[in-house]
>>> print(open('query_23.cif').read())   # mmCIF, N, CA and C atoms
data_data
#
loop_
_atom_site.label_atom_id
_atom_site.label_comp_id
_atom_site.auth_asym_id
_atom_site.auth_seq_id
_atom_site.Cartn_x
_atom_site.Cartn_y
_atom_site.Cartn_z
N VAL A 1 -12.59 3.02 -1.96
CA VAL A 1 -12.26 3.70 -3.22
C VAL A 1 -12.46 5.20 -3.02
N GLN A 2 -11.49 5.97 -3.49
CA GLN A 2 -11.60 7.42 -3.39
C GLN A 2 -11.12 8.07 -4.68
N LEU A 3 -11.92 9.00 -5.18
CA LEU A 3 -11.54 9.83 -6.32
C LEU A 3 -11.57 11.27 -5.84
N GLN A 4 -10.40 11.88 -5.78
CA GLN A 4 -10.26 13.22 -5.22
C GLN A 4 -10.01 14.20 -6.34
N ALA A 5 -11.04 14.99 -6.68
CA ALA A 5 -10.90 15.99 -7.73
C ALA A 5 -10.41 17.31 -7.15
N SER A 6 -9.61 18.00 -7.93
CA SER A 6 -9.09 19.30 -7.51
C SER A 6 -8.79 20.15 -8.75
N GLY A 7 -8.49 21.42 -8.50
CA GLY A 7 -8.10 22.30 -9.58
C GLY A 7 -9.16 23.27 -10.04
N GLY A 8 -10.35 23.16 -9.51
CA GLY A 8 -11.40 24.09 -9.88
C GLY A 8 -11.13 25.47 -9.31
N GLY A 9 -11.96 26.43 -9.76
CA GLY A 9 -11.81 27.78 -9.26
C GLY A 9 -12.55 28.76 -10.14
N LEU A 10 -12.22 30.03 -9.94
CA LEU A 10 -12.83 31.12 -10.69
C LEU A 10 -11.86 31.58 -11.78
N VAL A 11 -12.36 31.66 -13.00
CA VAL A 11 -11.51 32.07 -14.11
C VAL A 11 -12.32 32.97 -15.04
N GLN A 12 -11.65 33.88 -15.70
CA GLN A 12 -12.32 34.76 -16.66
C GLN A 12 -12.58 34.02 -17.96
N ALA A 13 -13.60 34.45 -18.66
CA ALA A 13 -13.90 33.89 -19.97
C ALA A 13 -12.67 33.97 -20.87
N GLY A 14 -12.41 32.89 -21.58
CA GLY A 14 -11.24 32.81 -22.42
C GLY A 14 -10.03 32.20 -21.73
N GLY A 15 -10.14 32.03 -20.43
CA GLY A 15 -9.03 31.49 -19.67
C GLY A 15 -8.98 29.97 -19.66
N SER A 16 -8.06 29.45 -18.87
CA SER A 16 -7.82 28.01 -18.81
C SER A 16 -7.75 27.52 -17.37
N LEU A 17 -8.09 26.27 -17.19
CA LEU A 17 -7.91 25.58 -15.92
C LEU A 17 -7.52 24.14 -16.21
N ARG A 18 -6.80 23.54 -15.28
CA ARG A 18 -6.53 22.11 -15.37
C ARG A 18 -7.05 21.43 -14.11
N LEU A 19 -7.96 20.51 -14.32
CA LEU A 19 -8.49 19.71 -13.22
C LEU A 19 -7.68 18.43 -13.09
N SER A 20 -7.58 17.96 -11.87
CA SER A 20 -6.93 16.69 -11.58
C SER A 20 -7.88 15.82 -10.77
N CYS A 21 -7.73 14.52 -10.92
CA CYS A 21 -8.51 13.57 -10.12
C CYS A 21 -7.58 12.43 -9.75
N ALA A 22 -7.26 12.35 -8.48
CA ALA A 22 -6.38 11.31 -7.97
C ALA A 22 -7.21 10.15 -7.44
N ALA A 23 -6.90 8.96 -7.90
CA ALA A 23 -7.66 7.77 -7.51
C ALA A 23 -6.87 6.92 -6.54
N SER A 24 -7.59 6.31 -5.62
CA SER A 24 -6.98 5.35 -4.71
C SER A 24 -8.00 4.24 -4.44
N GLY A 25 -7.47 3.07 -4.14
CA GLY A 25 -8.35 1.95 -3.84
C GLY A 25 -8.78 1.14 -5.04
N ILE A 26 -8.29 1.53 -6.21
CA ILE A 26 -8.58 0.78 -7.44
C ILE A 26 -7.28 0.54 -8.20
N ILE A 27 -7.30 -0.44 -9.10
CA ILE A 27 -6.18 -0.62 -10.02
C ILE A 27 -6.45 0.34 -11.17
N PHE A 28 -5.92 1.54 -11.04
CA PHE A 28 -6.27 2.67 -11.88
C PHE A 28 -6.12 2.36 -13.37
N SER A 29 -5.06 1.67 -13.72
CA SER A 29 -4.76 1.43 -15.13
C SER A 29 -5.82 0.58 -15.83
N LEU A 30 -6.65 -0.11 -15.07
CA LEU A 30 -7.67 -0.98 -15.65
C LEU A 30 -8.99 -0.26 -15.92
N TYR A 31 -9.09 0.97 -15.46
CA TYR A 31 -10.35 1.70 -15.52
C TYR A 31 -10.37 2.71 -16.65
N ALA A 32 -11.51 2.80 -17.31
CA ALA A 32 -11.79 3.96 -18.14
C ALA A 32 -12.13 5.12 -17.20
N MET A 33 -11.65 6.30 -17.54
CA MET A 33 -11.89 7.46 -16.70
C MET A 33 -12.68 8.50 -17.47
N ASN A 34 -13.63 9.08 -16.78
CA ASN A 34 -14.51 10.07 -17.38
C ASN A 34 -14.55 11.34 -16.55
N TRP A 35 -14.85 12.42 -17.21
CA TRP A 35 -15.23 13.66 -16.54
C TRP A 35 -16.66 13.99 -16.94
N TYR A 36 -17.43 14.41 -15.94
CA TYR A 36 -18.78 14.90 -16.14
C TYR A 36 -18.88 16.27 -15.48
N ARG A 37 -19.95 16.97 -15.80
CA ARG A 37 -20.20 18.25 -15.13
C ARG A 37 -21.69 18.43 -14.93
N GLN A 38 -22.01 19.22 -13.94
CA GLN A 38 -23.41 19.53 -13.66
C GLN A 38 -23.55 20.99 -13.30
N ALA A 39 -24.27 21.70 -14.13
CA ALA A 39 -24.55 23.11 -13.88
C ALA A 39 -25.83 23.22 -13.05
N PRO A 40 -26.00 24.32 -12.34
CA PRO A 40 -27.21 24.50 -11.51
C PRO A 40 -28.47 24.34 -12.34
N GLY A 41 -29.39 23.50 -11.87
CA GLY A 41 -30.66 23.31 -12.54
C GLY A 41 -30.61 22.45 -13.78
N LYS A 42 -29.45 21.86 -14.05
CA LYS A 42 -29.32 21.04 -15.26
C LYS A 42 -28.90 19.62 -14.90
N GLN A 43 -29.09 18.71 -15.84
CA GLN A 43 -28.67 17.33 -15.63
C GLN A 43 -27.16 17.22 -15.77
N ARG A 44 -26.64 16.16 -15.17
CA ARG A 44 -25.22 15.90 -15.30
C ARG A 44 -24.90 15.59 -16.76
N GLU A 45 -23.80 16.16 -17.25
CA GLU A 45 -23.42 16.09 -18.65
C GLU A 45 -22.04 15.47 -18.79
N TRP A 46 -21.90 14.54 -19.71
CA TRP A 46 -20.61 13.92 -19.99
C TRP A 46 -19.70 14.93 -20.68
N VAL A 47 -18.43 14.95 -20.27
CA VAL A 47 -17.48 15.93 -20.78
C VAL A 47 -16.31 15.27 -21.53
N ALA A 48 -15.81 14.16 -21.03
CA ALA A 48 -14.65 13.55 -21.66
C ALA A 48 -14.47 12.13 -21.14
N THR A 49 -13.87 11.30 -21.98
CA THR A 49 -13.53 9.92 -21.63
C THR A 49 -12.13 9.61 -22.12
N ILE A 50 -11.39 8.88 -21.30
CA ILE A 50 -10.14 8.28 -21.74
C ILE A 50 -10.18 6.81 -21.33
N THR A 51 -10.01 5.93 -22.31
CA THR A 51 -10.06 4.51 -22.01
C THR A 51 -8.76 4.06 -21.38
N ARG A 52 -8.73 2.82 -20.92
CA ARG A 52 -7.49 2.33 -20.33
C ARG A 52 -6.41 2.20 -21.39
N GLY A 53 -6.80 2.13 -22.63
CA GLY A 53 -5.83 2.09 -23.72
C GLY A 53 -5.39 3.46 -24.21
N GLY A 54 -6.01 4.50 -23.67
CA GLY A 54 -5.62 5.86 -24.02
C GLY A 54 -6.47 6.53 -25.08
N SER A 55 -7.51 5.85 -25.58
CA SER A 55 -8.40 6.50 -26.54
C SER A 55 -9.23 7.57 -25.85
N LYS A 56 -9.47 8.66 -26.58
CA LYS A 56 -10.16 9.80 -25.99
C LYS A 56 -11.41 10.15 -26.79
N ASN A 57 -12.44 10.59 -26.08
CA ASN A 57 -13.67 11.03 -26.72
C ASN A 57 -14.23 12.23 -25.99
N TYR A 58 -14.89 13.10 -26.77
CA TYR A 58 -15.48 14.31 -26.22
C TYR A 58 -16.82 14.60 -26.91
N PRO A 59 -17.72 15.26 -26.22
CA PRO A 59 -18.91 15.77 -26.92
C PRO A 59 -18.53 17.01 -27.73
N ASP A 60 -19.38 17.36 -28.66
CA ASP A 60 -19.08 18.52 -29.51
C ASP A 60 -18.94 19.81 -28.71
N SER A 61 -19.62 19.89 -27.57
CA SER A 61 -19.61 21.12 -26.79
C SER A 61 -18.23 21.48 -26.25
N VAL A 62 -17.34 20.51 -26.12
CA VAL A 62 -16.01 20.80 -25.57
C VAL A 62 -14.88 20.38 -26.50
N LYS A 63 -15.21 19.70 -27.58
CA LYS A 63 -14.19 19.20 -28.50
C LYS A 63 -13.36 20.37 -29.04
N GLY A 64 -12.05 20.19 -29.00
CA GLY A 64 -11.15 21.24 -29.46
C GLY A 64 -10.75 22.22 -28.38
N ARG A 65 -11.47 22.20 -27.26
CA ARG A 65 -11.14 23.10 -26.14
C ARG A 65 -10.63 22.35 -24.92
N PHE A 66 -11.17 21.15 -24.70
CA PHE A 66 -10.80 20.36 -23.53
C PHE A 66 -9.96 19.17 -23.96
N THR A 67 -9.01 18.79 -23.10
CA THR A 67 -8.18 17.62 -23.35
C THR A 67 -8.08 16.78 -22.10
N ILE A 68 -8.43 15.52 -22.22
CA ILE A 68 -8.30 14.59 -21.10
C ILE A 68 -7.00 13.82 -21.25
N SER A 69 -6.36 13.53 -20.14
CA SER A 69 -5.13 12.73 -20.16
C SER A 69 -5.06 11.96 -18.85
N ARG A 70 -4.18 10.97 -18.82
CA ARG A 70 -4.03 10.18 -17.62
C ARG A 70 -2.56 9.86 -17.41
N ASP A 71 -2.20 9.71 -16.13
CA ASP A 71 -0.88 9.27 -15.73
C ASP A 71 -1.08 8.06 -14.82
N ASN A 72 -0.90 6.89 -15.38
CA ASN A 72 -1.15 5.67 -14.60
C ASN A 72 -0.15 5.51 -13.45
N ALA A 73 1.04 6.06 -13.61
CA ALA A 73 2.03 5.98 -12.54
C ALA A 73 1.60 6.79 -11.32
N LYS A 74 0.81 7.83 -11.56
CA LYS A 74 0.33 8.69 -10.47
C LYS A 74 -1.13 8.44 -10.12
N ASN A 75 -1.75 7.47 -10.80
CA ASN A 75 -3.17 7.17 -10.56
C ASN A 75 -4.03 8.43 -10.68
N THR A 76 -3.73 9.22 -11.69
CA THR A 76 -4.38 10.51 -11.82
C THR A 76 -4.86 10.75 -13.24
N VAL A 77 -6.05 11.32 -13.36
CA VAL A 77 -6.59 11.76 -14.64
C VAL A 77 -6.70 13.28 -14.60
N TYR A 78 -6.48 13.89 -15.75
CA TYR A 78 -6.48 15.34 -15.85
C TYR A 78 -7.51 15.80 -16.89
N LEU A 79 -7.95 17.03 -16.72
CA LEU A 79 -8.79 17.65 -17.74
C LEU A 79 -8.25 19.07 -17.94
N GLN A 80 -7.61 19.29 -19.07
CA GLN A 80 -7.13 20.62 -19.44
C GLN A 80 -8.27 21.32 -20.17
N MET A 81 -8.68 22.46 -19.65
CA MET A 81 -9.79 23.21 -20.21
C MET A 81 -9.31 24.57 -20.69
N ASN A 82 -9.44 24.81 -21.96
CA ASN A 82 -9.02 26.08 -22.57
C ASN A 82 -10.23 26.80 -23.15
N SER A 83 -10.04 28.06 -23.43
CA SER A 83 -11.09 28.89 -24.05
C SER A 83 -12.42 28.75 -23.30
N LEU A 84 -12.35 28.86 -21.99
CA LEU A 84 -13.54 28.66 -21.17
C LEU A 84 -14.55 29.78 -21.39
N ASN A 85 -15.81 29.42 -21.30
CA ASN A 85 -16.88 30.41 -21.39
C ASN A 85 -17.89 30.16 -20.27
N ALA A 86 -18.84 31.04 -20.16
CA ALA A 86 -19.78 30.99 -19.03
C ALA A 86 -20.57 29.69 -19.01
N GLU A 87 -20.79 29.09 -20.17
CA GLU A 87 -21.54 27.83 -20.24
C GLU A 87 -20.76 26.65 -19.65
N ASP A 88 -19.47 26.85 -19.40
CA ASP A 88 -18.66 25.80 -18.79
C ASP A 88 -18.75 25.83 -17.27
N THR A 89 -19.42 26.81 -16.71
CA THR A 89 -19.58 26.89 -15.26
C THR A 89 -20.39 25.71 -14.76
N ALA A 90 -19.81 24.95 -13.84
CA ALA A 90 -20.46 23.74 -13.33
C ALA A 90 -19.58 23.13 -12.25
N VAL A 91 -20.14 22.14 -11.58
CA VAL A 91 -19.33 21.27 -10.74
C VAL A 91 -18.85 20.12 -11.63
N TYR A 92 -17.56 19.88 -11.60
CA TYR A 92 -16.96 18.85 -12.45
C TYR A 92 -16.65 17.62 -11.59
N TYR A 93 -17.04 16.46 -12.10
CA TYR A 93 -16.86 15.20 -11.40
C TYR A 93 -16.02 14.23 -12.22
N CYS A 94 -15.15 13.50 -11.54
CA CYS A 94 -14.47 12.42 -12.24
C CYS A 94 -15.17 11.11 -11.90
N ASN A 95 -14.99 10.16 -12.80
CA ASN A 95 -15.73 8.90 -12.72
C ASN A 95 -14.83 7.80 -13.24
N ALA A 96 -14.80 6.68 -12.54
CA ALA A 96 -13.99 5.53 -12.94
C ALA A 96 -14.91 4.35 -13.21
N VAL A 97 -14.71 3.72 -14.35
CA VAL A 97 -15.59 2.63 -14.76
C VAL A 97 -14.77 1.44 -15.26
N MET A 98 -15.14 0.27 -14.74
CA MET A 98 -14.61 -0.99 -15.28
C MET A 98 -15.70 -2.03 -15.10
N GLY A 99 -16.33 -2.43 -16.18
CA GLY A 99 -17.43 -3.37 -16.11
C GLY A 99 -18.53 -2.81 -15.21
N PRO A 100 -18.95 -3.61 -14.22
CA PRO A 100 -20.01 -3.12 -13.33
C PRO A 100 -19.52 -2.17 -12.24
N SER A 101 -18.23 -2.02 -12.12
CA SER A 101 -17.67 -1.12 -11.10
C SER A 101 -17.71 0.30 -11.62
N ASN A 102 -18.26 1.19 -10.80
CA ASN A 102 -18.50 2.57 -11.23
C ASN A 102 -18.37 3.46 -10.00
N TYR A 103 -17.35 4.31 -10.00
CA TYR A 103 -17.07 5.15 -8.84
C TYR A 103 -17.05 6.63 -9.24
N TRP A 104 -17.48 7.47 -8.28
CA TRP A 104 -17.55 8.91 -8.52
C TRP A 104 -16.75 9.66 -7.48
N GLY A 105 -16.15 10.76 -7.91
CA GLY A 105 -15.49 11.67 -7.00
C GLY A 105 -16.49 12.69 -6.46
N GLN A 106 -15.99 13.59 -5.63
CA GLN A 106 -16.86 14.52 -4.93
C GLN A 106 -17.15 15.80 -5.70
N GLY A 107 -16.43 16.05 -6.76
CA GLY A 107 -16.67 17.23 -7.58
C GLY A 107 -15.81 18.42 -7.21
N THR A 108 -15.54 19.24 -8.20
CA THR A 108 -14.81 20.49 -7.99
C THR A 108 -15.50 21.58 -8.80
N GLN A 109 -15.68 22.74 -8.18
CA GLN A 109 -16.45 23.82 -8.80
C GLN A 109 -15.58 24.61 -9.78
N VAL A 110 -16.11 24.81 -10.96
CA VAL A 110 -15.49 25.69 -11.96
C VAL A 110 -16.47 26.81 -12.26
N THR A 111 -16.02 28.03 -12.08
CA THR A 111 -16.86 29.19 -12.34
C THR A 111 -16.14 30.09 -13.34
N VAL A 112 -16.81 30.38 -14.44
CA VAL A 112 -16.24 31.22 -15.50
C VAL A 112 -17.00 32.53 -15.51
N SER A 113 -16.28 33.60 -15.29
CA SER A 113 -16.90 34.92 -15.28
C SER A 113 -16.80 35.55 -16.66
N SER A 114 -17.88 36.20 -17.06
CA SER A 114 -17.90 36.80 -18.41
C SER A 114 -17.65 38.28 -18.34
#
>>> encode(input="query_23.cif", output="structure tokens")
Amino acid sequence: VQLQASGGGLVQAGGSLRLSCAASGIIFSLYAMNWYRQAPGKQREWVATITRGGSKNYPDSVKGRFTISRDNAKNTVYLQMNSLNAEDTAVYYCNAVMGPSNYWGQGTQVTVSS
């Protein structure tokens, strides 16, 4: 199983980025997909979820700014991030969950300069 995250980088405050996570080795459409992030010195934080049925959930910290989506034909989940601020600086990880099966990608760095 491989989850390959990409799309991170350096962006100015107020800017946007779109992260992608391409999955292989799983039946992607059966998995709920999540994005998490971890800032230096902090615990990993949940950012977004999209269920296999397409329902979406976000914590208040990103609601209205971030949008998760999935393309089952491409085995890919996306995270559109708008109105970025310095507090969004972190390594972003994608995660695939189905019952007891739980897989993590390697992370992609997002740095927001103020």
>>> select_by_dssp(input="query_23.cif", residues="chain A", states="helix (DSSP H, G or I)", output="ChimeraX atom specification")
/A:28-30,86-88
>>> write_last_selection(input="query_23.cif", atoms="N, CA and C atoms", output="mmCIF file, in the coordinates of the input")
data_model
loop_
_atom_site.group_PDB
_atom_site.id
_atom_site.type_symbol
_atom_site.label_atom_id
_atom_site.label_comp_id
_atom_site.auth_asym_id
_atom_site.auth_seq_id
_atom_site.Cartn_x
_atom_site.Cartn_y
_atom_site.Cartn_z
ATOM 1 N N PHE A 28 -5.920 1.540 -11.040
ATOM 2 C CA PHE A 28 -6.270 2.670 -11.880
ATOM 3 C C PHE A 28 -6.120 2.360 -13.370
ATOM 4 N N SER A 29 -5.060 1.670 -13.720
ATOM 5 C CA SER A 29 -4.760 1.430 -15.130
ATOM 6 C C SER A 29 -5.820 0.580 -15.830
ATOM 7 N N LEU A 30 -6.650 -0.110 -15.070
ATOM 8 C CA LEU A 30 -7.670 -0.980 -15.650
ATOM 9 C C LEU A 30 -8.990 -0.260 -15.920
ATOM 10 N N ALA A 86 -18.840 31.040 -20.160
ATOM 11 C CA ALA A 86 -19.780 30.990 -19.030
ATOM 12 C C ALA A 86 -20.570 29.690 -19.010
ATOM 13 N N GLU A 87 -20.790 29.090 -20.170
ATOM 14 C CA GLU A 87 -21.540 27.830 -20.240
ATOM 15 C C GLU A 87 -20.760 26.650 -19.650
ATOM 16 N N ASP A 88 -19.470 26.850 -19.400
ATOM 17 C CA ASP A 88 -18.660 25.800 -18.790
ATOM 18 C C ASP A 88 -18.750 25.830 -17.270
#
>>> resolve_selection(input="query_23.cif", expression="the PyMOL selection byres ((chain A and resi 76) around 8)", output="ChimeraX atom specification")
/A:20-24,28-29,69-75,77-79
>>> resolve_selection(input="query_23.cif", expression="the PyMOL selection byres (((chain A and resi 33 and name CA) around 8) and name CA)", output="list in words")
Tyr31, Ala32, Asn34, Trp35, Thr49, Ile50, Thr51, Arg52, Val77, Cys94, Asn95, Ala96 and Val97 of chain A
>>> resolve_selection(input="query_23.cif", expression="the PyMOL selection byres ((chain A and resi 58-61) around 7)", output="short mmCIF file (atom, residue, chain, number, x, y, z; two decimals) with N, CA and C atoms, in the frame of the given file")
data_model
loop_
_atom_site.label_atom_id
_atom_site.label_comp_id
_atom_site.auth_asym_id
_atom_site.auth_seq_id
_atom_site.Cartn_x
_atom_site.Cartn_y
_atom_site.Cartn_z
N TRP A 46 -21.90 14.54 -19.71
CA TRP A 46 -20.61 13.92 -19.99
C TRP A 46 -19.70 14.93 -20.68
N VAL A 47 -18.43 14.95 -20.27
CA VAL A 47 -17.48 15.93 -20.78
C VAL A 47 -16.31 15.27 -21.53
N ALA A 48 -15.81 14.16 -21.03
CA ALA A 48 -14.65 13.55 -21.66
C ALA A 48 -14.47 12.13 -21.14
N THR A 49 -13.87 11.30 -21.98
CA THR A 49 -13.53 9.92 -21.63
C THR A 49 -12.13 9.61 -22.12
N LYS A 56 -9.47 8.66 -26.58
CA LYS A 56 -10.16 9.80 -25.99
C LYS A 56 -11.41 10.15 -26.79
N ASN A 57 -12.44 10.59 -26.08
CA ASN A 57 -13.67 11.03 -26.72
C ASN A 57 -14.23 12.23 -25.99
N VAL A 62 -17.34 20.51 -26.12
CA VAL A 62 -16.01 20.80 -25.57
C VAL A 62 -14.88 20.38 -26.50
N LYS A 63 -15.21 19.70 -27.58
CA LYS A 63 -14.19 19.20 -28.50
C LYS A 63 -13.36 20.37 -29.04
N GLY A 64 -12.05 20.19 -29.00
CA GLY A 64 -11.15 21.24 -29.46
C GLY A 64 -10.75 22.22 -28.38
N ARG A 65 -11.47 22.20 -27.26
CA ARG A 65 -11.14 23.10 -26.14
C ARG A 65 -10.63 22.35 -24.92
#
>>> closest_residue(input="query_23.cif", among="A:Gln80, A:Thr89, A:Ser55, A:Gln2", to="Ala39 in chain A", atoms="only N, CA and C atoms")
A:Thr89
>>> atom_distance(input="query_23.cif", atom1="atom N of Arg44 in chain A", atom2="atom C of Val91 in chain A")
9.4 Å
>>> select_by_dssp(input="query_23.cif", residues="chain A", states="strand (DSSP E or B)", output="ChimeraX atom specification")
/A:2-6,9-12,17-24,32-38,45-50,56-57,66-71,76-81,90-98,101-104,108-113
>>> closest_residue(input="query_23.cif", among="A:Val11, A:Met98, A:Ser16, A:Tyr92", to="Thr111 in chain A", atoms="only C-alpha atoms")
A:Val11
>>> closest_residue(input="query_23.cif", among="A:Gly7, A:Val1, A:Leu19, A:Lys42", to="Tyr103 in chain A", atoms="all atoms listed in the file")
A:Val1
>>> atom_distance(input="query_23.cif", atom1="CA of Ala90 in chain A", atom2="CA of Asn102 in chain A")
21.4 Å
>>> closest_residue(input="query_23.cif", among="A:Tyr36, A:Glu45, A:Leu84, A:Val112", to="Ile68 in chain A", atoms="only C-alpha atoms")
A:Tyr36
>>> closest_residue(input="query_23.cif", among="A:Ala86, A:Gly15, A:Gly25, A:Val110", to="Leu3 in chain A", atoms="only N, CA and C atoms")
A:Gly25
>>> closest_residue(input="query_23.cif", among="A:Leu30, A:Ala13, A:Tyr93, A:Asn82", to="Gln109 in chain A", atoms="only N, CA and C atoms")
A:Tyr93
>>> atom_distance(input="query_23.cif", atom1="CA of Arg37 in chain A", atom2="atom C of Gln106 in chain A")
10.2 Å
>>> axis_aligned_box(input="query_23.cif", around="range 99-103 of chain A", padding_each_side="5 Å", output="lines of an AutoDock Vina configuration file")
center_x = -18.2
center_y = 1.5
center_z = -12.5
size_x = 13.7
size_y = 20.2
size_z = 17.3
>>> build_atoms(input="query_23.cif", residues="range 5-13 of chain A", atoms="all heavy atoms", output="PDB file, keeping the file's coordinate frame")
ATOM      1  N   ALA A   5     -11.040  14.990  -6.680  1.00  0.00           N
ATOM      2  CA  ALA A   5     -10.900  15.990  -7.730  1.00  0.00           C
ATOM      3  C   ALA A   5     -10.410  17.310  -7.150  1.00  0.00           C
ATOM      4  O   ALA A   5     -10.773  17.677  -6.027  1.00  0.00           O
ATOM      5  CB  ALA A   5     -12.228  16.197  -8.441  1.00  0.00           C
ATOM      6  N   SER A   6      -9.610  18.000  -7.930  1.00  0.00           N
ATOM      7  CA  SER A   6      -9.090  19.300  -7.510  1.00  0.00           C
ATOM      8  C   SER A   6      -8.790  20.150  -8.750  1.00  0.00           C
ATOM      9  O   SER A   6      -8.827  19.654  -9.869  1.00  0.00           O
ATOM     10  CB  SER A   6      -7.820  19.120  -6.672  1.00  0.00           C
ATOM     11  OG  SER A   6      -6.815  18.478  -7.438  1.00  0.00           O
ATOM     12  N   GLY A   7      -8.490  21.420  -8.500  1.00  0.00           N
ATOM     13  CA  GLY A   7      -8.100  22.300  -9.580  1.00  0.00           C
ATOM     14  C   GLY A   7      -9.160  23.270 -10.040  1.00  0.00           C
ATOM     15  O   GLY A   7      -8.889  24.125 -10.893  1.00  0.00           O
ATOM     16  N   GLY A   8     -10.350  23.160  -9.510  1.00  0.00           N
ATOM     17  CA  GLY A   8     -11.400  24.090  -9.880  1.00  0.00           C
ATOM     18  C   GLY A   8     -11.130  25.470  -9.310  1.00  0.00           C
ATOM     19  O   GLY A   8     -10.215  25.680  -8.521  1.00  0.00           O
ATOM     20  N   GLY A   9     -11.960  26.430  -9.760  1.00  0.00           N
ATOM     21  CA  GLY A   9     -11.810  27.780  -9.260  1.00  0.00           C
ATOM     22  C   GLY A   9     -12.550  28.760 -10.140  1.00  0.00           C
ATOM     23  O   GLY A   9     -13.391  28.384 -10.958  1.00  0.00           O
ATOM     24  N   LEU A  10     -12.220  30.030  -9.940  1.00  0.00           N
ATOM     25  CA  LEU A  10     -12.830  31.120 -10.690  1.00  0.00           C
ATOM     26  C   LEU A  10     -11.860  31.580 -11.780  1.00  0.00           C
ATOM     27  O   LEU A  10     -10.689  31.845 -11.483  1.00  0.00           O
ATOM     28  CB  LEU A  10     -13.175  32.275  -9.751  1.00  0.00           C
ATOM     29  CG  LEU A  10     -13.725  33.555 -10.377  1.00  0.00           C
ATOM     30  CD1 LEU A  10     -15.074  33.283 -11.031  1.00  0.00           C
ATOM     31  CD2 LEU A  10     -13.835  34.638  -9.319  1.00  0.00           C
ATOM     32  N   VAL A  11     -12.360  31.660 -13.000  1.00  0.00           N
ATOM     33  CA  VAL A  11     -11.510  32.070 -14.110  1.00  0.00           C
ATOM     34  C   VAL A  11     -12.320  32.970 -15.040  1.00  0.00           C
ATOM     35  O   VAL A  11     -13.538  32.831 -15.140  1.00  0.00           O
ATOM     36  CB  VAL A  11     -10.975  30.828 -14.867  1.00  0.00           C
ATOM     37  CG1 VAL A  11     -12.104  30.019 -15.484  1.00  0.00           C
ATOM     38  CG2 VAL A  11      -9.929  31.209 -15.898  1.00  0.00           C
ATOM     39  N   GLN A  12     -11.650  33.880 -15.700  1.00  0.00           N
ATOM     40  CA  GLN A  12     -12.320  34.760 -16.660  1.00  0.00           C
ATOM     41  C   GLN A  12     -12.580  34.020 -17.960  1.00  0.00           C
ATOM     42  O   GLN A  12     -11.846  33.092 -18.322  1.00  0.00           O
ATOM     43  CB  GLN A  12     -11.480  35.994 -16.925  1.00  0.00           C
ATOM     44  CG  GLN A  12     -11.447  36.979 -15.769  1.00  0.00           C
ATOM     45  CD  GLN A  12     -10.776  38.285 -16.139  1.00  0.00           C
ATOM     46  OE1 GLN A  12      -9.918  38.315 -17.016  1.00  0.00           O
ATOM     47  NE2 GLN A  12     -11.174  39.362 -15.485  1.00  0.00           N
ATOM     48  N   ALA A  13     -13.600  34.450 -18.660  1.00  0.00           N
ATOM     49  CA  ALA A  13     -13.900  33.890 -19.970  1.00  0.00           C
ATOM     50  C   ALA A  13     -12.670  33.970 -20.870  1.00  0.00           C
ATOM     51  O   ALA A  13     -11.972  34.991 -20.886  1.00  0.00           O
ATOM     52  CB  ALA A  13     -15.079  34.612 -20.601  1.00  0.00           C
TER      53      ALA A  13
END
